[in-house]
file my_file_25.cif (mmCIF, C-alpha atoms and all ligand atoms)
data_entry
loop_
_atom_site.label_atom_id
_atom_site.label_comp_id
_atom_site.auth_asym_id
_atom_site.auth_seq_id
_atom_site.Cartn_x
_atom_site.Cartn_y
_atom_site.Cartn_z
CA MET A 27 116.87 139.46 33.78
CA GLU A 28 119.53 136.77 33.60
CA GLN A 29 120.50 135.02 36.79
CA ILE A 30 124.08 135.14 38.06
CA ARG A 31 125.00 131.53 38.79
CA VAL A 32 127.32 131.31 41.78
CA MET A 33 128.65 127.97 43.01
CA THR A 34 130.25 128.08 46.45
CA VAL A 35 132.68 125.25 47.21
CA CYS A 36 133.92 124.33 50.67
CA GLY A 37 135.21 121.24 52.42
CA THR A 38 136.63 121.83 55.90
CA ARG A 39 135.30 123.28 59.14
CA PRO A 40 136.85 126.75 58.86
CA GLU A 41 135.79 127.22 55.23
CA ALA A 42 132.19 126.35 56.08
CA ILE A 43 132.14 128.67 59.12
CA LYS A 44 133.55 131.56 57.13
CA LEU A 45 131.44 130.98 54.02
CA ALA A 46 128.14 130.37 55.84
CA PRO A 47 127.30 134.08 56.17
CA VAL A 48 128.22 134.62 52.50
CA ILE A 49 126.03 131.75 51.32
CA LYS A 50 123.10 133.07 53.39
CA ARG A 51 123.47 136.46 51.68
CA LEU A 52 123.79 134.92 48.21
CA GLU A 53 120.60 132.96 48.82
CA ARG A 54 118.71 136.15 49.67
CA GLU A 55 119.50 137.86 46.34
CA ALA A 56 116.84 137.42 43.67
CA ARG A 57 119.42 138.03 40.91
CA ILE A 58 121.66 135.22 42.12
CA GLU A 59 121.17 131.52 41.70
CA SER A 60 123.29 130.05 44.48
CA THR A 61 124.46 126.45 44.67
CA LEU A 62 126.61 124.84 47.33
CA THR A 63 129.08 122.05 46.63
CA VAL A 64 130.87 120.48 49.57
CA THR A 65 133.89 118.31 48.91
CA GLY A 66 133.53 116.59 52.29
CA GLN A 67 137.30 116.93 52.83
CA HIS A 68 136.19 116.92 56.48
CA ARG A 69 133.19 114.76 57.24
CA GLN A 70 132.20 115.22 60.88
CA LEU A 71 133.75 118.68 61.34
CA LEU A 72 132.05 119.98 58.20
CA ASP A 73 128.66 118.43 58.92
CA GLN A 74 128.52 120.11 62.34
CA VAL A 75 128.84 123.50 60.69
CA LEU A 76 126.35 122.76 57.90
CA ALA A 77 123.80 121.71 60.54
CA LEU A 78 124.35 124.77 62.74
CA PHE A 79 123.94 127.25 59.88
CA GLU A 80 121.21 125.16 58.20
CA LEU A 81 123.12 124.83 54.93
CA GLU A 82 122.00 122.10 52.54
CA PRO A 83 124.57 121.18 49.89
CA ASP A 84 123.41 120.61 46.33
CA TYR A 85 126.42 118.36 45.77
CA ASP A 86 128.54 116.41 48.23
CA LEU A 87 131.72 114.84 46.84
CA ALA A 88 132.28 112.82 50.04
CA VAL A 89 136.04 112.57 49.44
CA MET A 90 137.31 112.15 53.01
CA LYS A 91 139.36 109.08 53.86
CA LYS A 92 141.06 108.33 57.16
CA GLU A 93 144.61 109.76 57.20
CA GLN A 94 144.23 111.06 53.68
CA SER A 95 147.36 112.13 51.82
CA LEU A 96 147.44 115.54 50.18
CA SER A 97 147.99 114.13 46.69
CA ALA A 98 145.22 111.52 46.87
CA LEU A 99 142.83 114.11 48.30
CA THR A 100 143.78 116.55 45.54
CA SER A 101 143.10 114.07 42.74
CA ARG A 102 139.77 112.91 44.21
CA ILE A 103 138.48 116.48 44.49
CA LEU A 104 139.72 117.48 41.03
CA THR A 105 138.10 114.54 39.27
CA LYS A 106 134.76 114.72 41.07
CA LEU A 107 134.40 118.49 40.92
CA GLY A 108 135.25 118.53 37.23
CA GLN A 109 132.15 116.42 36.50
CA ILE A 110 129.90 118.77 38.48
CA LEU A 111 131.27 121.88 36.79
CA ASN A 112 130.57 120.24 33.43
CA GLU A 113 126.94 119.81 34.38
CA GLU A 114 126.34 123.10 36.22
CA GLU A 115 128.50 125.58 34.29
CA PRO A 116 128.27 128.35 36.92
CA ASP A 117 129.35 131.93 36.15
CA LEU A 118 131.46 132.09 39.28
CA VAL A 119 133.02 129.57 41.65
CA LEU A 120 133.48 131.01 45.13
CA VAL A 121 136.18 129.51 47.36
CA HIS A 122 137.62 130.41 50.72
CA GLY A 123 141.06 130.49 52.26
CA ASP A 124 143.89 128.03 51.85
CA THR A 125 142.91 124.37 52.14
CA THR A 126 143.27 121.59 49.60
CA THR A 127 139.59 122.11 48.75
CA THR A 128 140.25 125.81 48.10
CA PHE A 129 143.15 125.30 45.73
CA VAL A 130 141.73 122.33 43.87
CA ALA A 131 138.29 123.90 43.40
CA SER A 132 140.01 126.97 41.93
CA LEU A 133 142.05 124.78 39.60
CA ALA A 134 138.96 122.84 38.49
CA ALA A 135 137.12 126.09 37.79
CA PHE A 136 140.07 127.40 35.79
CA TYR A 137 140.19 124.21 33.70
CA HIS A 138 136.54 124.88 32.85
CA GLN A 139 137.28 128.57 32.18
CA ILE A 140 134.94 129.60 34.96
CA LYS A 141 135.72 132.72 36.99
CA VAL A 142 137.00 132.23 40.54
CA GLY A 143 136.18 134.46 43.52
CA HIS A 144 138.59 134.03 46.42
CA VAL A 145 137.31 134.93 49.87
CA GLU A 146 140.04 135.61 52.47
CA ALA A 147 142.58 136.45 49.78
CA GLY A 148 146.06 137.83 50.28
CA LEU A 149 147.10 136.26 53.60
CA ARG A 150 150.81 135.48 53.46
CA THR A 151 153.78 134.45 55.57
CA TYR A 152 156.07 134.13 52.52
CA ASP A 153 157.43 130.96 54.14
CA LYS A 154 156.66 128.03 51.87
CA TYR A 155 156.41 125.45 54.66
CA ALA A 156 154.66 127.54 57.31
CA PRO A 157 151.80 126.98 57.38
CA TYR A 158 152.13 123.83 55.30
CA PRO A 159 150.58 123.33 52.77
CA GLU A 160 148.33 126.37 53.25
CA GLU A 161 150.85 129.08 52.27
CA VAL A 162 151.31 127.54 48.85
CA ASN A 163 147.59 126.76 48.50
CA ARG A 164 146.69 130.40 48.91
CA HIS A 165 149.41 131.59 46.53
CA LEU A 166 148.17 129.18 43.87
CA THR A 167 144.56 130.19 44.49
CA GLY A 168 145.62 133.81 44.10
CA VAL A 169 147.09 133.03 40.69
CA LEU A 170 143.88 131.32 39.59
CA ALA A 171 141.38 133.81 41.02
CA ASP A 172 139.63 136.63 39.13
CA LEU A 173 138.13 138.39 42.17
CA HIS A 174 140.12 138.69 45.38
CA PHE A 175 138.17 139.50 48.54
CA ALA A 176 140.91 140.62 50.93
CA PRO A 177 140.03 140.90 54.63
CA THR A 178 142.47 143.76 55.36
CA ALA A 179 144.51 146.50 53.67
CA LYS A 180 147.66 144.50 54.42
CA ASN A 181 146.24 141.49 52.55
CA ARG A 182 145.47 143.79 49.65
CA ALA A 183 149.01 145.17 49.65
CA ASN A 184 150.40 141.60 49.48
CA LEU A 185 148.33 140.91 46.36
CA VAL A 186 149.30 144.20 44.73
CA ALA A 187 152.97 143.36 45.37
CA GLU A 188 152.35 140.09 43.50
CA ASN A 189 151.13 142.06 40.46
CA ILE A 190 147.47 141.22 40.86
CA ALA A 191 145.42 143.94 39.16
CA GLU A 192 144.24 146.45 41.76
CA GLU A 193 140.75 146.60 40.26
CA GLN A 194 140.29 142.90 41.01
CA ILE A 195 140.98 143.31 44.76
CA PHE A 196 138.31 144.34 47.28
CA VAL A 197 138.91 144.91 50.98
CA THR A 198 135.91 143.53 52.84
CA GLY A 199 136.86 142.54 56.41
CA ASN A 200 136.92 138.89 57.39
CA THR A 201 133.65 136.96 57.15
CA VAL A 202 134.59 135.07 60.34
CA ILE A 203 133.54 138.14 62.30
CA ASP A 204 130.09 137.95 60.65
CA ALA A 205 129.79 134.30 61.74
CA LEU A 206 131.14 135.00 65.22
CA LEU A 207 128.82 137.90 66.01
CA GLU A 208 125.87 135.81 64.90
CA THR A 209 126.85 132.93 67.18
CA VAL A 210 128.23 134.32 70.42
CA ASP A 211 125.60 134.57 73.18
CA ALA A 212 126.15 135.65 76.79
CA ASP A 213 123.29 133.39 77.97
CA TYR A 214 124.50 130.27 76.13
CA GLN A 215 124.32 127.08 78.26
CA PHE A 216 126.77 124.27 77.47
CA ASN A 217 125.41 120.77 76.87
CA ASN A 218 128.84 119.17 77.11
CA PRO A 219 129.18 117.74 80.68
CA HIS A 220 132.89 118.71 80.90
CA LEU A 221 132.08 122.30 80.04
CA ARG A 222 129.07 122.47 82.33
CA LYS A 223 131.27 121.49 85.27
CA LEU A 224 134.08 123.96 84.51
CA ASP A 225 134.71 126.68 87.04
CA PHE A 226 135.24 129.82 84.96
CA SER A 227 136.38 131.80 87.98
CA LYS A 228 139.62 129.82 87.59
CA GLN A 229 142.18 130.54 84.87
CA VAL A 230 140.67 128.49 82.05
CA ILE A 231 143.03 128.10 79.09
CA LEU A 232 141.45 127.07 75.80
CA PHE A 233 144.01 125.10 73.82
CA THR A 234 143.90 123.83 70.22
CA CYS A 235 146.62 122.37 68.00
CA HIS A 236 146.39 120.71 64.60
CA ARG A 237 148.85 122.13 62.03
CA ARG A 238 150.74 119.71 59.82
CA GLU A 239 154.06 121.55 60.25
CA ASN A 240 153.74 120.92 64.00
CA PHE A 241 153.31 117.14 63.64
CA GLY A 242 155.96 115.05 65.41
CA GLN A 243 158.53 116.75 67.65
CA PRO A 244 157.03 120.27 67.76
CA MET A 245 153.61 118.90 68.75
CA THR A 246 155.22 116.63 71.35
CA ASP A 247 157.04 119.64 72.81
CA ILE A 248 153.86 121.72 72.76
CA PHE A 249 151.81 119.07 74.59
CA LYS A 250 154.55 118.54 77.19
CA ALA A 251 154.74 122.30 77.78
CA VAL A 252 150.98 122.52 78.34
CA ARG A 253 151.17 119.65 80.82
CA LYS A 254 153.98 121.40 82.68
CA VAL A 255 152.06 124.68 82.93
CA VAL A 256 149.11 122.84 84.48
CA GLU A 257 151.39 121.05 86.95
CA GLN A 258 152.95 124.37 87.96
CA ASN A 259 149.69 126.32 88.39
CA SER A 260 146.96 124.89 90.61
CA GLU A 261 144.44 127.53 89.47
CA VAL A 262 144.76 126.61 85.79
CA GLU A 263 142.31 124.38 83.92
CA VAL A 264 142.98 123.49 80.27
CA VAL A 265 140.26 122.58 77.80
CA PHE A 266 141.56 120.92 74.64
CA PRO A 267 139.02 120.07 71.91
CA VAL A 268 141.14 117.50 70.12
CA HIS A 269 141.13 117.63 66.30
CA LEU A 270 139.99 114.38 64.63
CA ASN A 271 143.24 113.93 62.73
CA PRO A 272 144.70 110.66 64.12
CA GLN A 273 148.17 112.27 64.26
CA VAL A 274 146.80 114.73 66.81
CA LYS A 275 144.44 112.40 68.67
CA GLU A 276 147.01 109.70 69.31
CA LEU A 277 149.66 112.09 70.58
CA ALA A 278 147.16 113.91 72.81
CA ALA A 279 146.12 110.58 74.30
CA ASP A 280 149.77 109.67 74.96
CA ILE A 281 150.81 112.91 76.61
CA LEU A 282 147.71 114.61 78.02
CA GLN A 283 145.15 111.92 78.85
CA GLU A 284 144.20 111.69 82.51
CA VAL A 285 146.31 114.64 83.58
CA GLU A 286 144.48 116.43 86.37
CA ARG A 287 142.86 119.71 85.21
CA ILE A 288 143.39 118.93 81.52
CA HIS A 289 140.07 118.26 79.82
CA LEU A 290 140.39 116.48 76.48
CA VAL A 291 137.09 116.81 74.64
CA SER A 292 135.91 115.99 71.13
CA PRO A 293 135.92 118.85 68.63
CA LEU A 294 133.20 121.24 69.72
CA ASP A 295 130.42 122.51 67.53
CA TYR A 296 130.95 126.14 66.58
CA GLN A 297 128.33 127.47 69.00
CA PRO A 298 129.77 125.91 72.18
CA PHE A 299 133.28 126.62 70.90
CA VAL A 300 132.89 130.37 70.49
CA ASN A 301 131.01 130.65 73.75
CA LEU A 302 133.83 128.75 75.44
CA MET A 303 136.31 131.18 73.89
CA ALA A 304 134.27 134.08 75.24
CA ARG A 305 134.42 132.65 78.79
CA SER A 306 138.03 131.45 78.84
CA HIS A 307 140.86 133.38 80.44
CA LEU A 308 143.24 133.02 77.52
CA ILE A 309 143.78 130.99 74.36
CA VAL A 310 146.82 129.00 73.25
CA THR A 311 146.56 127.77 69.66
CA ASP A 312 148.12 127.16 66.26
CA SER A 313 144.77 127.76 64.51
CA GLY A 314 144.35 130.46 61.90
CA GLY A 315 140.71 131.38 62.47
CA ILE A 316 140.99 131.59 66.24
CA GLN A 317 143.63 134.34 65.88
CA GLU A 318 140.96 136.40 64.12
CA GLU A 319 138.02 135.63 66.39
CA ALA A 320 139.62 136.01 69.83
CA PRO A 321 140.45 139.74 69.52
CA SER A 322 136.73 140.41 68.97
CA LEU A 323 136.03 138.61 72.24
CA ASN A 324 138.82 140.47 74.08
CA LYS A 325 140.78 137.29 74.75
CA PRO A 326 144.59 137.21 74.50
CA VAL A 327 146.00 134.58 72.14
CA LEU A 328 149.43 132.95 72.39
CA VAL A 329 150.19 131.50 68.95
CA LEU A 330 152.12 128.23 68.68
CA ARG A 331 153.90 129.12 65.46
CA GLU A 332 157.12 130.71 64.26
CA VAL A 333 155.30 132.95 61.75
CA THR A 334 151.76 134.15 61.20
CA GLU A 335 149.79 135.54 58.28
CA ARG A 336 147.64 137.40 60.85
CA GLN A 337 150.28 140.11 61.34
CA GLU A 338 147.58 142.79 61.93
CA ALA A 339 146.69 141.21 65.28
CA VAL A 340 150.36 141.00 66.26
CA GLU A 341 150.63 144.72 65.51
CA THR A 342 147.56 145.71 67.55
CA GLY A 343 148.93 143.52 70.37
CA ALA A 344 145.96 141.11 70.55
CA ILE A 345 148.03 138.01 69.72
CA LYS A 346 151.63 137.02 70.38
CA LEU A 347 153.80 134.48 68.58
CA ILE A 348 155.46 132.12 71.05
CA GLY A 349 156.92 129.44 68.76
CA THR A 350 156.92 125.71 69.43
CA THR A 351 159.74 125.04 71.88
CA SER A 352 158.73 123.82 75.36
CA GLU A 353 160.77 126.33 77.30
CA GLN A 354 159.36 129.36 75.45
CA ILE A 355 155.79 128.10 75.67
CA ILE A 356 156.03 127.48 79.41
CA SER A 357 157.59 130.85 80.15
CA GLN A 358 155.23 132.83 77.89
CA ILE A 359 152.08 131.23 79.30
CA ASN A 360 153.30 131.65 82.88
CA HIS A 361 154.11 135.28 82.19
CA LEU A 362 150.67 136.02 80.83
CA LEU A 363 149.05 134.23 83.76
CA THR A 364 150.78 136.51 86.24
CA ASP A 365 151.35 139.84 84.49
CA GLN A 366 148.01 141.65 84.69
CA GLN A 367 149.29 144.63 82.70
CA GLN A 368 150.32 142.48 79.73
CA TYR A 369 147.03 140.59 80.01
CA ASP A 370 144.95 143.80 79.93
CA GLN A 371 146.91 145.24 77.01
CA MET A 372 146.38 142.11 74.93
CA ALA A 373 142.74 141.71 75.93
CA GLN A 374 141.89 145.31 75.14
CA ALA A 375 143.73 145.49 71.82
CA GLU A 376 141.58 146.37 68.86
CA ASN A 377 140.12 143.71 66.53
CA PRO A 378 141.60 144.41 63.08
CA TYR A 379 139.42 141.93 61.17
CA GLY A 380 136.22 143.76 60.49
CA ASP A 381 132.78 144.79 61.60
CA GLY A 382 130.61 141.80 60.72
CA GLN A 383 129.59 143.22 57.32
CA ALA A 384 132.15 141.43 55.14
CA SER A 385 129.64 139.03 53.54
CA GLN A 386 127.38 141.86 52.56
CA ARG A 387 130.29 143.65 50.86
CA ILE A 388 131.29 140.51 48.97
CA VAL A 389 127.81 139.82 47.66
CA ARG A 390 127.29 143.45 46.67
CA LYS A 391 130.52 143.38 44.72
CA ILE A 392 129.49 140.19 42.90
CA LEU A 393 126.21 141.84 41.95
CA ASP A 394 128.00 144.98 40.69
CA LEU A 395 130.58 143.06 38.70
CA PHE A 396 128.17 140.70 36.99
CA ALA A 397 125.46 143.30 36.30
CA ASN A 398 125.09 143.79 32.55
C1 LIG A 401 142.61 120.80 57.08
C2 LIG A 401 143.31 121.85 56.24
C3 LIG A 401 143.89 122.93 57.14
C4 LIG A 401 142.87 123.48 58.10
C5 LIG A 401 142.19 122.35 58.85
C6 LIG A 401 141.06 122.91 59.66
C7 LIG A 401 144.42 121.05 54.19
C8 LIG A 401 145.63 120.45 53.62
N1 LIG A 401 144.42 121.25 55.52
O1 LIG A 401 143.60 120.15 57.87
O2 LIG A 401 144.35 123.98 56.32
O3 LIG A 401 143.52 124.30 59.03
O4 LIG A 401 141.66 121.42 57.89
O5 LIG A 401 140.64 122.05 60.64
O6 LIG A 401 143.48 121.33 53.47
N2 LIG A 401 139.33 113.86 60.07
C9 LIG A 401 138.20 113.16 60.42
N3 LIG A 401 137.00 113.81 60.40
C10 LIG A 401 136.87 115.12 60.10
C11 LIG A 401 138.03 115.81 59.75
C12 LIG A 401 139.25 115.17 59.73
O7 LIG A 401 138.26 111.97 60.72
O8 LIG A 401 135.76 115.64 60.12
C13 LIG A 401 140.63 113.15 60.04
C14 LIG A 401 140.75 112.16 58.85
O9 LIG A 401 141.51 111.05 59.27
C15 LIG A 401 141.52 112.98 57.82
C16 LIG A 401 142.46 113.76 58.73
O10 LIG A 401 141.69 114.10 59.89
O11 LIG A 401 142.19 112.18 56.87
C17 LIG A 401 143.08 114.98 58.12
O12 LIG A 401 142.12 115.82 57.49
P1 LIG A 401 142.61 116.91 56.39
O13 LIG A 401 141.44 117.70 55.95
O14 LIG A 401 143.41 116.22 55.35
O15 LIG A 401 143.62 117.79 57.18
P2 LIG A 401 143.42 118.71 58.47
O16 LIG A 401 144.62 118.48 59.32
O17 LIG A 401 142.07 118.53 59.06
N1 LIG A 402 136.42 125.67 66.02
C1 LIG A 402 135.26 124.96 66.39
N2 LIG A 402 135.39 123.91 67.24
C2 LIG A 402 136.59 123.49 67.73
C3 LIG A 402 137.76 124.18 67.31
C4 LIG A 402 137.64 125.27 66.45
O1 LIG A 402 134.17 125.32 65.98
O2 LIG A 402 136.61 122.51 68.51
C5 LIG A 402 136.28 126.80 65.07
C6 LIG A 402 136.98 128.10 65.44
O3 LIG A 402 136.14 128.94 66.20
C7 LIG A 402 137.33 128.71 64.11
C8 LIG A 402 137.54 127.51 63.22
O4 LIG A 402 136.92 126.40 63.88
O5 LIG A 402 136.26 129.44 63.55
C9 LIG A 402 139.02 127.28 63.08
O6 LIG A 402 139.24 126.02 62.55
P1 LIG A 402 140.62 125.29 62.66
O7 LIG A 402 141.39 125.78 63.83
O8 LIG A 402 140.31 123.84 62.57
O9 LIG A 402 141.30 125.70 61.28
P2 LIG A 402 142.20 126.94 60.80
O10 LIG A 402 141.48 128.20 61.10
O11 LIG A 402 143.51 126.82 61.52
O12 LIG A 402 142.35 126.69 59.35
#

call {"tool": "encode", "arguments": {"input": "my_file_25.cif", "output": "C-alpha cells"}}
result
Amino acid sequence: MEQIRVMTVCGTRPEAIKLAPVIKRLEREARIESTLTVTGQHRQLLDQVLALFELEPDYDLAVMKKEQSLSALTSRILTKLGQILNEEEPDLVLVHGDTTTTFVASLAAFYHQIKVGHVEAGLRTYDKYAPYPEEVNRHLTGVLADLHFAPTAKNRANLVAENIAEEQIFVTGNTVIDALLETVDADYQFNNPHLRKLDFSKQVILFTCHRRENFGQPMTDIFKAVRKVVEQNSEVEVVFPVHLNPQVKELAADILQEVERIHLVSPLDYQPFVNLMARSHLIVTDSGGIQEEAPSLNKPVLVLREVTERQEAVETGAIKLIGTTSEQIISQINHLLTDQQQYDQMAQAENPYGDGQASQRIVRKILDLFAN
C-alpha cells in the first residue's frame, strides 16, 4: 500500500492553532505520511502553539524578521519552501487560512505541480483592503487550491460563485472549534500574576487588536475609546494581550500604559487565552479567530472592523460589527455593558462554526480522494 505524503505548512499563531488538530489526525493514519513545515513567519507566537500541542516541525524556515515587509517575507518563504518541496515531493500540501505563509506555500506547491488542500476556504468580505492583505491572500489561495475545506455552507457558496468546481469543495466546520474544545477547562488556574489577581465578578473586557488596516489613526481611535470606556465605568477591567508587532506595542504603550484597570499583558499562550475568554464578560476585538471561538463560549463579541468574513455569526447575533471610530466604539460597548437583554441575546446565540469534528472530516476526505 502506497503512502499518501501530506506536508502541512503553517507560520503564524492562528494557522498553528487551527491546523494542530488536523496534524494530530494525519499523524494517526497509517496510510498517511505526515510532515510539518513551519515558515516561522511568527517566531514566539508560533512556538507557543507548537509547544502546547506538542508539534515537532520537520522543517523550520525561520523567516521572521522584526517589522518584516510583506514583499520581503513573501520572497523569503517562496525561495526556502521551494527547496524543501524539491527534496520532499509530497502528494499534497495542506495550508490554512489567509496569511502570507498560506498564499506563498500554495504558490510554491503550484510551481512544483503539487496539489494544494486549503483549510478554512471560502471566507470573503469582497473588499480588497479589508482585511488587508488577507482578503487577497485567500482569493489567491483559492485559485491555486485543488481541495477546498470550507467551514460553512456560506463559505462553500462563495467558492461556487467564483466558479470553483463543486466536487472540490467540502463543508467541514471550522477546525478552531476542535482546538478550542480540547483546550478549554473550567478548572484551569492561571499562572500569569495579572490574571490570577483579576476579579471576574467585575465586568472584565478581553480586548485584542492587531490588523494592518487598523494601523495608524483607526488603532489610535480604538485605543482612546477603550481608555474612555474604562474611565466611564468603575466596574470595568480591561485585559489586553498586546500583539508583538511593534506597530501595536508602541501605540498601546503610548495610549494605554498605566491606565487604572487596563492590564496590558504579553500575548497569552492559547490555553490561558481561551480560559480567559471563557471567564470574561465580553470581548472587543479585530481578530478573525476570536469571532469564531467566542460564540462557542457564549461570550458576546464587538468587532472592531467595518466588514467581516464571519457573516454567519453576525446573522446568529453572536457578534456585532462596531467599526473603528471612537464615538461608535464607546457607545456600543457602553450599551452592551448596561443592556442585559442585548447581552443575553448575543451570549445565547448559536455557534455557527461546527461541532469539533472538522479535522476528522478533512482527514477522511484526504484518505478518500487519494485512495487508489
Ligand atoms: C499575521 C498575519 C495576519 C494574522 C496575524 C495573526 C500576514 C500578512 N498577516 O499578522 O493575517 O491575523 O499574523 O496574529 O500574514 N512579531 C514578533 N514575534 C512573533 C510574531 C510577530 O516579534 O512571534 C512581530 C515582528 O516584528 C514581525 C511583526 O510582528 O515582523 C509582524 O508579523 P507578521 O506575521 O508580518 O504580521 P502580523 O501582524 O503578525
Ligand atoms: N490567541 C492566543 N493568545 C492571545 C491572543 C489570541 O492564543 O494572546 C488565539 C485566539 O484564541 C485565536 C487566535 O489566537 O485562536 C487568533 O489569532 P489572531 O487574533 O492573532 O489572528 P487572526 O485570527 O485575526 O488571524

call {"tool": "closest_residue", "arguments": {"input": "my_file_25.cif", "among": "A:Val162, A:Leu277, A:Leu302, A:Val310", "to": "A:Asn217", "atoms": "only C-alpha atoms"}}
result
A:Leu302

call {"tool": "residues_near_ligand", "arguments": {"input": "my_file_25.cif", "ligand": "ligand LIG 401 (chain A)", "cutoff": "10 Å", "atoms": "all atoms listed in the file", "output": "PyMOL selection string"}}
result
chain A and resi 37-41+66-74+89-100+123-130+157-161+163+235-239+241+269-275+293+312-315

call {"tool": "atom_distance", "arguments": {"input": "my_file_25.cif", "atom1": "atom CA of A:Glu284", "atom2": "atom CA of A:Lys228"}}
result
19.4 Å

call {"tool": "closest_residue", "arguments": {"input": "my_file_25.cif", "among": "A:His307, A:His144, A:Arg222, A:Arg331", "to": "ligand LIG 402 (chain A)", "atoms": "all atoms listed in the file"}}
result
A:Arg331

call {"tool": "closest_residue", "arguments": {"input": "my_file_25.cif", "among": "A:Ala344, A:Ile359, A:Val230, A:Val75", "to": "ligand LIG 402 (chain A)", "atoms": "all atoms listed in the file"}}
result
A:Val75

call {"tool": "closest_residue", "arguments": {"input": "my_file_25.cif", "among": "A:Arg51, A:Arg336, A:Lys141, A:Lys154", "to": "ligand LIG 402 (chain A)", "atoms": "all atoms listed in the file"}}
result
A:Arg336

call {"tool": "axis_aligned_box", "arguments": {"input": "my_file_25.cif", "around": "ligand LIG 402 (chain A)", "padding_each_side": "4 Å", "output": "AutoDock Vina command-line options"}}
result
--center_x 138.8 --center_y 126.0 --center_z 63.9 --size_x 17.3 --size_y 14.9 --size_z 17.2

call {"tool": "atom_distance", "arguments": {"input": "my_file_25.cif", "atom1": "atom CA of A:Leu323", "atom2": "atom CA of A:His289"}}
result
22.1 Å

call {"tool": "closest_residue", "arguments": {"input": "my_file_25.cif", "among": "A:Thr311, A:Arg57, A:Tyr85, A:Val119", "to": "ligand LIG 402 (chain A)", "atoms": "all atoms listed in the file"}}
result
A:Thr311

call {"tool": "closest_residue", "arguments": {"input": "my_file_25.cif", "among": "A:Ile195, A:Leu362, A:Ala77, A:Ile316", "to": "ligand LIG 402 (chain A)", "atoms": "only C-alpha atoms and all ligand atoms"}}
result
A:Ile316

call {"tool": "atom_distance", "arguments": {"input": "my_file_25.cif", "atom1": "atom CA of A:Val121", "atom2": "atom CA of A:Leu104"}}
result
14.0 Å

call {"tool": "residues_around", "arguments": {"input": "my_file_25.cif", "residues": "stretch 350-357 of chain A", "least_positions_apart": "5", "cutoff": "9 Å", "atoms": "all atoms listed in the file", "output": "list in words"}}
result
Asn240, Pro244, Met245, Thr246, Asp247, Ile248, Phe249, Lys250, Ala251, Val252, Lys254, Val255, Leu328, Val329, Leu330, Arg331, Glu332 and Leu362 of chain A

call {"tool": "residues_near_point", "arguments": {"input": "my_file_25.cif", "point": "(132.9, 141.0, 61.4)", "cutoff": "12 Å", "atoms": "only C-alpha atoms", "output": "MDAnalysis selection string"}}
result
chainID A and resid 44 47:48 177:178 198:209 318:323 377:387
